[in-house]
file my_file.cif (mmCIF, C-alpha atoms)
data_entry
loop_
_atom_site.group_PDB
_atom_site.id
_atom_site.type_symbol
_atom_site.label_atom_id
_atom_site.label_comp_id
_atom_site.auth_asym_id
_atom_site.auth_seq_id
_atom_site.Cartn_x
_atom_site.Cartn_y
_atom_site.Cartn_z
ATOM 1 C CA MET A 1 25.055 -9.367 -11.943
ATOM 2 C CA SER A 2 26.357 -7.179 -9.176
ATOM 3 C CA ALA A 3 28.607 -4.217 -9.847
ATOM 4 C CA ARG A 4 32.277 -4.828 -9.001
ATOM 5 C CA VAL A 5 34.302 -1.925 -7.614
ATOM 6 C CA GLY A 6 38.054 -2.404 -7.166
ATOM 7 C CA VAL A 7 39.837 -0.981 -4.102
ATOM 8 C CA VAL A 8 43.575 -0.460 -4.563
ATOM 9 C CA THR A 9 46.022 -1.147 -1.728
ATOM 10 C CA PHE A 10 49.529 0.325 -1.897
ATOM 11 C CA PRO A 11 52.120 -0.131 0.850
ATOM 12 C CA GLY A 12 51.019 2.531 3.342
ATOM 13 C CA THR A 13 47.377 2.736 2.263
ATOM 14 C CA LEU A 14 45.093 3.179 5.301
ATOM 15 C CA ASP A 15 41.496 3.517 4.159
ATOM 16 C CA ASP A 16 41.085 0.484 1.897
ATOM 17 C CA GLN A 17 39.066 -1.520 4.441
ATOM 18 C CA ASP A 18 36.678 1.376 5.097
ATOM 19 C CA ALA A 19 36.319 1.889 1.352
ATOM 20 C CA ALA A 20 35.545 -1.794 0.766
ATOM 21 C CA ARG A 21 32.996 -1.709 3.576
ATOM 22 C CA ALA A 22 31.302 1.384 2.136
ATOM 23 C CA ILE A 23 31.121 -0.278 -1.275
ATOM 24 C CA ARG A 24 29.509 -3.387 0.266
ATOM 25 C CA LEU A 25 27.036 -1.266 2.251
ATOM 26 C CA SER A 26 25.883 0.377 -0.958
ATOM 27 C CA GLY A 27 25.181 -3.071 -2.445
ATOM 28 C CA ALA A 28 28.156 -3.480 -4.766
ATOM 29 C CA GLU A 29 30.963 -6.030 -4.588
ATOM 30 C CA ALA A 30 34.351 -4.754 -3.354
ATOM 31 C CA VAL A 31 37.298 -6.313 -5.193
ATOM 32 C CA PRO A 32 40.747 -5.969 -3.567
ATOM 33 C CA LEU A 33 43.430 -4.820 -6.027
ATOM 34 C CA TRP A 34 47.132 -5.029 -5.122
ATOM 35 C CA HIS A 35 49.575 -2.322 -6.248
ATOM 36 C CA ALA A 36 52.136 -4.842 -7.536
ATOM 37 C CA ASP A 37 49.679 -6.719 -9.751
ATOM 38 C CA HIS A 38 49.177 -6.037 -13.435
ATOM 39 C CA ASP A 39 45.540 -7.065 -13.239
ATOM 40 C CA LEU A 40 42.436 -4.914 -12.793
ATOM 41 C CA LYS A 41 40.422 -8.165 -12.410
ATOM 42 C CA GLY A 42 37.768 -6.919 -14.787
ATOM 43 C CA VAL A 43 36.283 -4.429 -12.297
ATOM 44 C CA ASP A 44 33.639 -1.924 -13.398
ATOM 45 C CA ALA A 45 35.098 0.982 -11.385
ATOM 46 C CA VAL A 46 38.087 1.694 -9.114
ATOM 47 C CA PHE A 47 38.396 3.412 -5.728
ATOM 48 C CA LEU A 48 41.847 4.795 -4.816
ATOM 49 C CA PRO A 49 41.776 5.153 -1.027
ATOM 50 C CA GLY A 50 43.677 7.483 1.264
ATOM 51 C CA GLY A 51 46.692 6.892 3.453
ATOM 52 C CA PHE A 52 50.406 7.389 3.026
ATOM 53 C CA SER A 53 51.304 5.230 0.038
ATOM 54 C CA TYR A 54 55.065 4.592 -0.120
ATOM 55 C CA GLY A 55 55.404 6.728 3.015
ATOM 56 C CA ASP A 56 54.675 9.905 1.007
ATOM 57 C CA TYR A 57 58.357 9.739 -0.002
ATOM 58 C CA LEU A 58 59.473 12.423 -2.480
ATOM 59 C CA ARG A 59 55.940 13.856 -2.834
ATOM 60 C CA CYS A 60 52.538 12.427 -1.884
ATOM 61 C CA GLY A 61 51.567 9.997 -4.640
ATOM 62 C CA ALA A 62 54.796 10.459 -6.631
ATOM 63 C CA ILE A 63 56.012 6.862 -6.256
ATOM 64 C CA SER A 64 52.562 5.225 -6.366
ATOM 65 C CA ARG A 65 52.054 6.671 -9.796
ATOM 66 C CA PHE A 66 54.638 4.210 -11.152
ATOM 67 C CA ALA A 67 53.223 1.111 -9.407
ATOM 68 C CA PRO A 68 52.574 -1.817 -11.795
ATOM 69 C CA LEU A 69 48.812 -1.583 -11.226
ATOM 70 C CA MET A 70 48.837 2.086 -12.232
ATOM 71 C CA ARG A 71 50.205 1.095 -15.644
ATOM 72 C CA GLU A 72 46.909 -0.756 -16.145
ATOM 73 C CA LEU A 73 44.732 1.821 -14.404
ATOM 74 C CA VAL A 74 45.896 4.975 -16.206
ATOM 75 C CA PRO A 75 45.007 3.836 -19.750
ATOM 76 C CA ALA A 76 41.731 2.286 -18.508
ATOM 77 C CA ALA A 77 40.796 5.590 -16.834
ATOM 78 C CA ARG A 78 41.604 7.478 -20.028
ATOM 79 C CA GLU A 79 39.225 5.141 -21.851
ATOM 80 C CA GLY A 80 36.379 5.863 -19.446
ATOM 81 C CA LEU A 81 36.701 3.504 -16.446
ATOM 82 C CA PRO A 82 35.127 5.330 -13.465
ATOM 83 C CA VAL A 83 37.830 6.136 -10.875
ATOM 84 C CA LEU A 84 37.395 7.911 -7.536
ATOM 85 C CA GLY A 85 40.474 8.934 -5.533
ATOM 86 C CA THR A 86 40.117 10.347 -2.047
ATOM 87 C CA CYS A 87 42.873 12.125 -0.105
ATOM 88 C CA ASN A 88 46.075 10.238 -1.017
ATOM 89 C CA GLY A 89 44.086 8.788 -3.926
ATOM 90 C CA PHE A 90 43.429 12.339 -5.184
ATOM 91 C CA GLN A 91 47.146 13.120 -4.833
ATOM 92 C CA ILE A 92 47.994 9.991 -6.864
ATOM 93 C CA LEU A 93 45.511 10.956 -9.606
ATOM 94 C CA CYS A 94 47.169 14.391 -9.885
ATOM 95 C CA GLU A 95 50.689 12.908 -9.941
ATOM 96 C CA ALA A 96 49.532 10.473 -12.641
ATOM 97 C CA HIS A 97 48.214 13.444 -14.651
ATOM 98 C CA LEU A 98 44.723 11.967 -14.765
ATOM 99 C CA LEU A 99 43.625 15.186 -13.046
ATOM 100 C CA PRO A 100 45.192 18.659 -13.466
ATOM 101 C CA GLY A 101 46.933 20.631 -10.730
ATOM 102 C CA ALA A 102 48.601 19.421 -7.543
ATOM 103 C CA LEU A 103 48.055 19.137 -3.779
ATOM 104 C CA THR A 104 50.571 20.986 -1.636
ATOM 105 C CA ARG A 105 51.294 21.526 2.056
ATOM 106 C CA ASN A 106 48.368 23.069 3.942
ATOM 107 C CA ALA A 107 48.817 26.833 4.170
ATOM 108 C CA SER A 108 48.687 26.562 7.979
ATOM 109 C CA LEU A 109 51.405 23.854 7.939
ATOM 110 C CA HIS A 110 49.155 21.935 10.350
ATOM 111 C CA TYR A 111 47.620 18.550 9.734
ATOM 112 C CA VAL A 112 43.857 19.106 9.690
ATOM 113 C CA CYS A 113 41.461 16.474 11.051
ATOM 114 C CA ARG A 114 37.847 17.568 11.398
ATOM 115 C CA ASP A 115 34.291 17.259 10.150
ATOM 116 C CA GLN A 116 34.054 19.563 7.157
ATOM 117 C CA ARG A 117 31.037 21.242 5.571
ATOM 118 C CA LEU A 118 31.120 21.064 1.797
ATOM 119 C CA ARG A 119 28.962 21.894 -1.190
ATOM 120 C CA VAL A 120 28.496 19.442 -4.068
ATOM 121 C CA GLU A 121 28.998 21.458 -7.261
ATOM 122 C CA SER A 122 29.093 18.918 -10.067
ATOM 123 C CA THR A 123 26.531 16.100 -10.078
ATOM 124 C CA GLY A 124 27.145 14.965 -13.655
ATOM 125 C CA THR A 125 29.764 12.363 -12.710
ATOM 126 C CA PRO A 126 29.279 8.629 -12.095
ATOM 127 C CA TRP A 127 30.331 9.282 -8.481
ATOM 128 C CA THR A 128 28.010 12.215 -7.665
ATOM 129 C CA ASN A 129 24.773 11.571 -9.571
ATOM 130 C CA SER A 130 22.872 10.837 -6.322
ATOM 131 C CA PHE A 131 23.398 14.404 -5.063
ATOM 132 C CA GLU A 132 21.463 17.564 -5.857
ATOM 133 C CA PRO A 133 23.494 20.428 -7.372
ATOM 134 C CA GLY A 134 24.422 22.776 -4.529
ATOM 135 C CA GLN A 135 23.655 20.175 -1.861
ATOM 136 C CA GLU A 136 25.527 20.761 1.390
ATOM 137 C CA VAL A 137 27.143 17.757 3.077
ATOM 138 C CA VAL A 138 29.453 17.053 6.013
ATOM 139 C CA LEU A 139 32.397 14.692 5.521
ATOM 140 C CA PRO A 140 35.584 14.019 7.535
ATOM 141 C CA ILE A 141 38.846 15.489 6.289
ATOM 142 C CA LYS A 142 42.283 14.432 7.533
ATOM 143 C CA HIS A 143 45.325 15.631 5.645
ATOM 144 C CA GLY A 144 48.512 17.660 5.828
ATOM 145 C CA GLU A 145 48.887 18.257 2.110
ATOM 146 C CA GLY A 146 45.499 19.133 0.708
ATOM 147 C CA ARG A 147 45.925 22.639 -0.622
ATOM 148 C CA TYR A 148 44.799 22.407 -4.239
ATOM 149 C CA VAL A 149 46.815 24.539 -6.648
ATOM 150 C CA ALA A 150 46.793 24.922 -10.413
ATOM 151 C CA ASP A 151 47.856 27.658 -12.820
ATOM 152 C CA PRO A 152 45.305 30.414 -13.567
ATOM 153 C CA GLU A 153 44.391 28.987 -16.998
ATOM 154 C CA THR A 154 43.672 25.526 -15.529
ATOM 155 C CA LEU A 155 41.597 27.031 -12.714
ATOM 156 C CA ALA A 156 39.591 29.115 -15.185
ATOM 157 C CA ALA A 157 38.959 26.028 -17.340
ATOM 158 C CA LEU A 158 37.857 23.970 -14.304
ATOM 159 C CA GLU A 159 35.380 26.674 -13.321
ATOM 160 C CA ALA A 160 34.120 27.287 -16.871
ATOM 161 C CA ASP A 161 33.476 23.568 -17.512
ATOM 162 C CA ASN A 162 31.858 22.904 -14.107
ATOM 163 C CA ARG A 163 34.696 20.517 -13.229
ATOM 164 C CA VAL A 164 34.877 21.556 -9.564
ATOM 165 C CA VAL A 165 33.052 18.638 -7.915
ATOM 166 C CA MET A 166 33.077 19.866 -4.299
ATOM 167 C CA ARG A 167 33.951 23.104 -2.549
ATOM 168 C CA TYR A 168 34.826 23.717 1.108
ATOM 169 C CA LEU A 169 32.462 25.869 3.145
ATOM 170 C CA GLY A 170 35.176 27.326 5.377
ATOM 171 C CA ASN A 171 38.505 26.649 3.699
ATOM 172 C CA PRO A 172 40.639 24.337 5.912
ATOM 173 C CA ASN A 173 43.916 24.336 3.955
ATOM 174 C CA GLY A 174 44.195 27.340 1.637
ATOM 175 C CA SER A 175 42.993 25.528 -1.508
ATOM 176 C CA LEU A 176 42.550 27.876 -4.440
ATOM 177 C CA ASN A 177 38.871 28.716 -5.097
ATOM 178 C CA ASP A 178 37.984 26.596 -2.000
ATOM 179 C CA ILE A 179 38.384 23.490 -4.190
ATOM 180 C CA ALA A 180 37.891 20.177 -2.333
ATOM 181 C CA GLY A 181 37.433 17.969 -5.396
ATOM 182 C CA ILE A 182 37.581 18.036 -9.187
ATOM 183 C CA ARG A 183 36.830 15.805 -12.159
ATOM 184 C CA ASN A 184 38.475 15.204 -15.520
ATOM 185 C CA GLU A 185 36.963 16.448 -18.768
ATOM 186 C CA ALA A 186 35.042 13.233 -19.413
ATOM 187 C CA GLY A 187 33.787 13.163 -15.811
ATOM 188 C CA ASN A 188 34.721 9.536 -15.093
ATOM 189 C CA VAL A 189 37.774 10.424 -12.950
ATOM 190 C CA VAL A 190 37.043 12.294 -9.703
ATOM 191 C CA GLY A 191 39.464 13.318 -6.938
ATOM 192 C CA LEU A 192 38.433 14.538 -3.483
ATOM 193 C CA MET A 193 40.318 15.472 -0.322
ATOM 194 C CA PRO A 194 37.357 14.621 1.981
ATOM 195 C CA HIS A 195 36.585 11.015 2.929
ATOM 196 C CA PRO A 196 33.134 9.760 1.915
ATOM 197 C CA GLU A 197 34.106 6.221 2.966
ATOM 198 C CA HIS A 198 34.314 7.385 6.606
ATOM 199 C CA ALA A 199 30.767 8.774 6.588
ATOM 200 C CA VAL A 200 28.499 5.864 5.711
ATOM 201 C CA GLU A 201 27.262 4.617 9.113
ATOM 202 C CA ASN A 202 25.957 6.400 12.211
ATOM 203 C CA LEU A 203 27.161 3.535 14.373
ATOM 204 C CA VAL A 204 30.823 4.570 14.290
ATOM 205 C CA GLY A 205 30.204 8.195 15.233
ATOM 206 C CA ALA A 206 30.546 9.580 11.726
ATOM 207 C CA PRO A 207 29.351 13.185 11.389
ATOM 208 C CA SER A 208 26.810 12.097 8.769
ATOM 209 C CA THR A 209 26.044 9.362 6.277
ATOM 210 C CA ASP A 210 26.507 11.832 3.424
ATOM 211 C CA GLY A 211 29.409 9.778 2.069
ATOM 212 C CA LEU A 212 27.039 6.999 1.003
ATOM 213 C CA GLY A 213 25.918 9.161 -1.923
ATOM 214 C CA PHE A 214 29.213 8.551 -3.717
ATOM 215 C CA PHE A 215 28.788 4.780 -3.464
ATOM 216 C CA THR A 216 25.093 4.705 -4.387
ATOM 217 C CA SER A 217 25.950 6.981 -7.334
ATOM 218 C CA ILE A 218 28.467 4.558 -8.813
ATOM 219 C CA LEU A 219 26.165 1.587 -8.167
ATOM 220 C CA LYS A 220 23.299 3.360 -9.916
ATOM 221 C CA LYS A 221 25.560 4.230 -12.826
ATOM 222 C CA LEU A 222 26.894 0.675 -13.204
ATOM 223 C CA VAL A 223 23.582 -1.109 -12.778
ATOM 224 C CA ASN A 224 21.829 1.168 -15.273
ATOM 225 C CA ALA A 225 24.687 0.939 -17.783
ATOM 226 C CA MET B 226 82.286 8.474 -12.044
ATOM 227 C CA ALA B 227 80.462 11.736 -11.928
ATOM 228 C CA ARG B 228 77.914 13.362 -9.689
ATOM 229 C CA VAL B 229 75.009 15.321 -11.108
ATOM 230 C CA ILE B 230 73.047 17.713 -8.900
ATOM 231 C CA VAL B 231 69.338 18.233 -9.457
ATOM 232 C CA ASP B 232 67.826 21.160 -7.560
ATOM 233 C CA VAL B 233 64.043 21.227 -7.321
ATOM 234 C CA MET B 234 62.218 24.372 -6.187
ATOM 235 C CA LEU B 235 58.546 25.254 -5.939
ATOM 236 C CA LYS B 236 57.650 27.644 -8.752
ATOM 237 C CA PRO B 237 57.819 31.284 -7.638
ATOM 238 C CA GLU B 238 54.035 31.682 -7.815
ATOM 239 C CA ILE B 239 53.366 28.642 -5.570
ATOM 240 C CA LEU B 240 52.973 29.459 -1.871
ATOM 241 C CA ASP B 241 55.777 27.948 0.232
ATOM 242 C CA PRO B 242 54.482 27.903 3.818
ATOM 243 C CA GLN B 243 57.551 25.979 5.010
ATOM 244 C CA GLY B 244 59.902 28.646 3.679
ATOM 245 C CA GLN B 245 57.733 31.316 5.322
ATOM 246 C CA ALA B 246 57.866 29.506 8.661
ATOM 247 C CA ILE B 247 61.664 29.369 8.439
ATOM 248 C CA ALA B 248 61.817 33.068 7.565
ATOM 249 C CA ARG B 249 59.657 33.865 10.602
ATOM 250 C CA ALA B 250 61.886 31.778 12.875
ATOM 251 C CA LEU B 251 65.141 33.485 11.857
ATOM 252 C CA PRO B 252 64.575 36.825 13.678
ATOM 253 C CA ARG B 253 63.741 34.899 16.841
ATOM 254 C CA LEU B 254 67.206 33.340 16.633
ATOM 255 C CA GLY B 255 68.822 36.731 16.192
ATOM 256 C CA PHE B 256 69.308 36.649 12.416
ATOM 257 C CA SER B 257 68.209 39.896 10.813
ATOM 258 C CA GLY B 258 68.143 41.264 7.286
ATOM 259 C CA VAL B 259 66.408 38.260 5.677
ATOM 260 C CA SER B 260 63.494 39.271 3.458
ATOM 261 C CA ALA B 261 62.332 35.776 2.370
ATOM 262 C CA VAL B 262 63.233 32.075 2.453
ATOM 263 C CA ARG B 263 62.077 29.402 0.023
ATOM 264 C CA GLN B 264 62.689 25.722 0.674
ATOM 265 C CA GLY B 265 63.574 23.201 -2.017
ATOM 266 C CA LYS B 266 65.108 19.771 -2.557
ATOM 267 C CA ARG B 267 68.581 18.771 -3.739
ATOM 268 C CA PHE B 268 69.217 15.366 -5.332
ATOM 269 C CA GLU B 269 72.756 13.987 -5.772
ATOM 270 C CA VAL B 270 72.697 11.524 -8.645
ATOM 271 C CA ASP B 271 75.870 9.434 -8.896
ATOM 272 C CA LEU B 272 76.540 8.051 -12.366
ATOM 273 C CA GLU B 273 78.446 4.891 -13.178
ATOM 274 C CA GLY B 274 80.076 6.592 -16.167
ATOM 275 C CA PRO B 275 80.951 10.154 -17.197
ATOM 276 C CA ALA B 276 78.427 13.001 -17.153
ATOM 277 C CA ASP B 277 78.306 13.305 -20.919
ATOM 278 C CA GLU B 278 75.460 14.807 -22.906
ATOM 279 C CA ALA B 279 73.572 11.489 -23.122
ATOM 280 C CA ALA B 280 73.820 10.913 -19.359
ATOM 281 C CA LEU B 281 72.676 14.470 -18.643
ATOM 282 C CA ALA B 282 69.742 14.031 -20.992
ATOM 283 C CA ASP B 283 68.786 10.956 -18.950
ATOM 284 C CA VAL B 284 69.038 12.893 -15.668
ATOM 285 C CA ARG B 285 66.875 15.647 -17.107
ATOM 286 C CA LYS B 286 64.293 13.010 -18.015
ATOM 287 C CA MET B 287 64.465 11.640 -14.443
ATOM 288 C CA ALA B 288 63.889 15.140 -13.105
ATOM 289 C CA GLU B 289 60.991 15.698 -15.480
ATOM 290 C CA THR B 290 59.214 12.412 -14.749
ATOM 291 C CA LEU B 291 59.961 11.718 -11.071
ATOM 292 C CA LEU B 292 62.194 14.103 -9.123
ATOM 293 C CA ALA B 293 60.072 17.179 -9.844
ATOM 294 C CA ASN B 294 56.350 17.639 -10.327
ATOM 295 C CA THR B 295 56.525 20.208 -13.102
ATOM 296 C CA VAL B 296 52.971 21.324 -12.376
ATOM 297 C CA ILE B 297 54.261 23.063 -9.241
ATOM 298 C CA GLU B 298 58.066 22.766 -9.325
ATOM 299 C CA ASP B 299 61.030 23.889 -11.448
ATOM 300 C CA TYR B 300 64.304 21.989 -11.614
ATOM 301 C CA THR B 301 67.905 22.640 -12.634
ATOM 302 C CA VAL B 302 70.532 20.036 -13.555
ATOM 303 C CA ARG B 303 74.287 20.600 -13.190
ATOM 304 C CA VAL B 304 77.441 18.507 -12.941
ATOM 305 C CA GLU B 305 79.297 18.754 -9.642
ATOM 306 C CA GLN B 306 82.905 19.747 -10.292
#

call {"tool": "encode", "arguments": {"input": "my_file.cif", "output": "structure tokens"}}
result
Amino acid sequence: MSARVGVVTFPGTLDDQDAARAIRLSGAEAVPLWHADHDLKGVDAVFLPGGFSYGDYLRCGAISRFAPLMRELVPAAREGLPVLGTCNGFQILCEAHLLPGALTRNASLHYVCRDQRLRVESTGTPWTNSFEPGQEVVLPIKHGEGRYVADPETLAALEADNRVVMRYLGNPNGSLNDIAGIRNEAGNVVGLMPHPEHAVENLVGAPSTDGLGFFTSILKKLVNA
Amino acid sequence: MARVIVDVMLKPEILDPQGQAIARALPRLGFSGVSAVRQGKRFEVDLEGPADEAALADVRKMAETLLANTVIEDYTVRVEQ
């Protein structure tokens, strides 16, 4: 039986098709999930893609958090369902309090769109088990509100528990401790500002295929489960 | 009928690059003597009934769950006179 990974579409989501394609390339089945449904369709994992859900009204991710599908997703994630949120997906996970901290306006006030060098710090998650600890990768970033902030106690706990999943090499947005991605305590929920789903094929001019590692990781985890 | 005002501000320790950009623009427009600017949001919540204690408790809950992200923002609730 093939692994089924859900891809959530909110009004304003942009990267759901790329995410579904990346999931298929890794060998898993991509299952479309609609924000207004109450049904996770029995998926084995969920990908929350980037974009501008609900137009980023109020705060990025603030409205999406209350979408009907999120009422199913939040308890499932707390019970261990693997969830990866990238960019707007990361912002939604923070607004939903599945991850600590928040993502605020880039310190430069500029939207940043570039190929970004990063270091994988935490490989003990279902989304990063294909990487070596300390491995350097290049992934696209594209965001205006990606500056990760949290209070000093939360930051200290993230560092002490090895919950920083990726760090920027050359900080693009002023994120505290160069944080590009984090995980929850259990490790099943991961949020990233970079876009692994945009770096899975050389054909489209991606800077690398380093993003594939996230999708082969979850496949490996689900197939071996 | 009553109007309740909810002001939401970034916590003092959170960097506010928008406020800083405004503060930097002011001298260029000839305004002097400003040491800092911080930018926030103001919500005007119109109630169908009076702004009694129960209604205000509801507005505070709205602020806590939706209008503000209390990880990075503080809010105040007051009745407009």

call {"tool": "resolve_selection", "arguments": {"input": "my_file.cif", "expression": "the PyMOL selection byres ((chain B) within 9 of (chain A))", "output": "PyMOL selection string"}}
result
chain B and resi 238-243+246+291-294+296-297

call {"tool": "resolve_selection", "arguments": {"input": "my_file.cif", "expression": "the PyMOL selection byres ((chain A and resi 84-92) around 9)", "output": "PyMOL selection string"}}
result
chain A and resi 13+45-53+56+60-65+82-83+93-99+102-103+127+141-143+145-146+181+188-197

call {"tool": "atom_distance", "arguments": {"input": "my_file.cif", "atom1": "atom CA of A:Asp44", "atom2": "atom CA of A:Ala180"}}
result
25.1 Å

call {"tool": "atom_distance", "arguments": {"input": "my_file.cif", "atom1": "atom CA of A:Gly134", "atom2": "atom CA of A:Leu176"}}
result
18.8 Å

call {"tool": "residues_around", "arguments": {"input": "my_file.cif", "residues": "B:Gly258", "least_positions_apart": "5", "cutoff": "12 Å", "atoms": "only C-alpha atoms", "output": "PDB file with C-alpha atoms, keeping the file's coordinate frame"}}
result
ATOM      1  CA  ALA B 248      61.817  33.068   7.565  1.00  0.00           C
ATOM      2  CA  ARG B 249      59.657  33.865  10.602  1.00  0.00           C
ATOM      3  CA  LEU B 251      65.141  33.485  11.857  1.00  0.00           C
ATOM      4  CA  PRO B 252      64.575  36.825  13.678  1.00  0.00           C
TER       5      PRO B 252
END
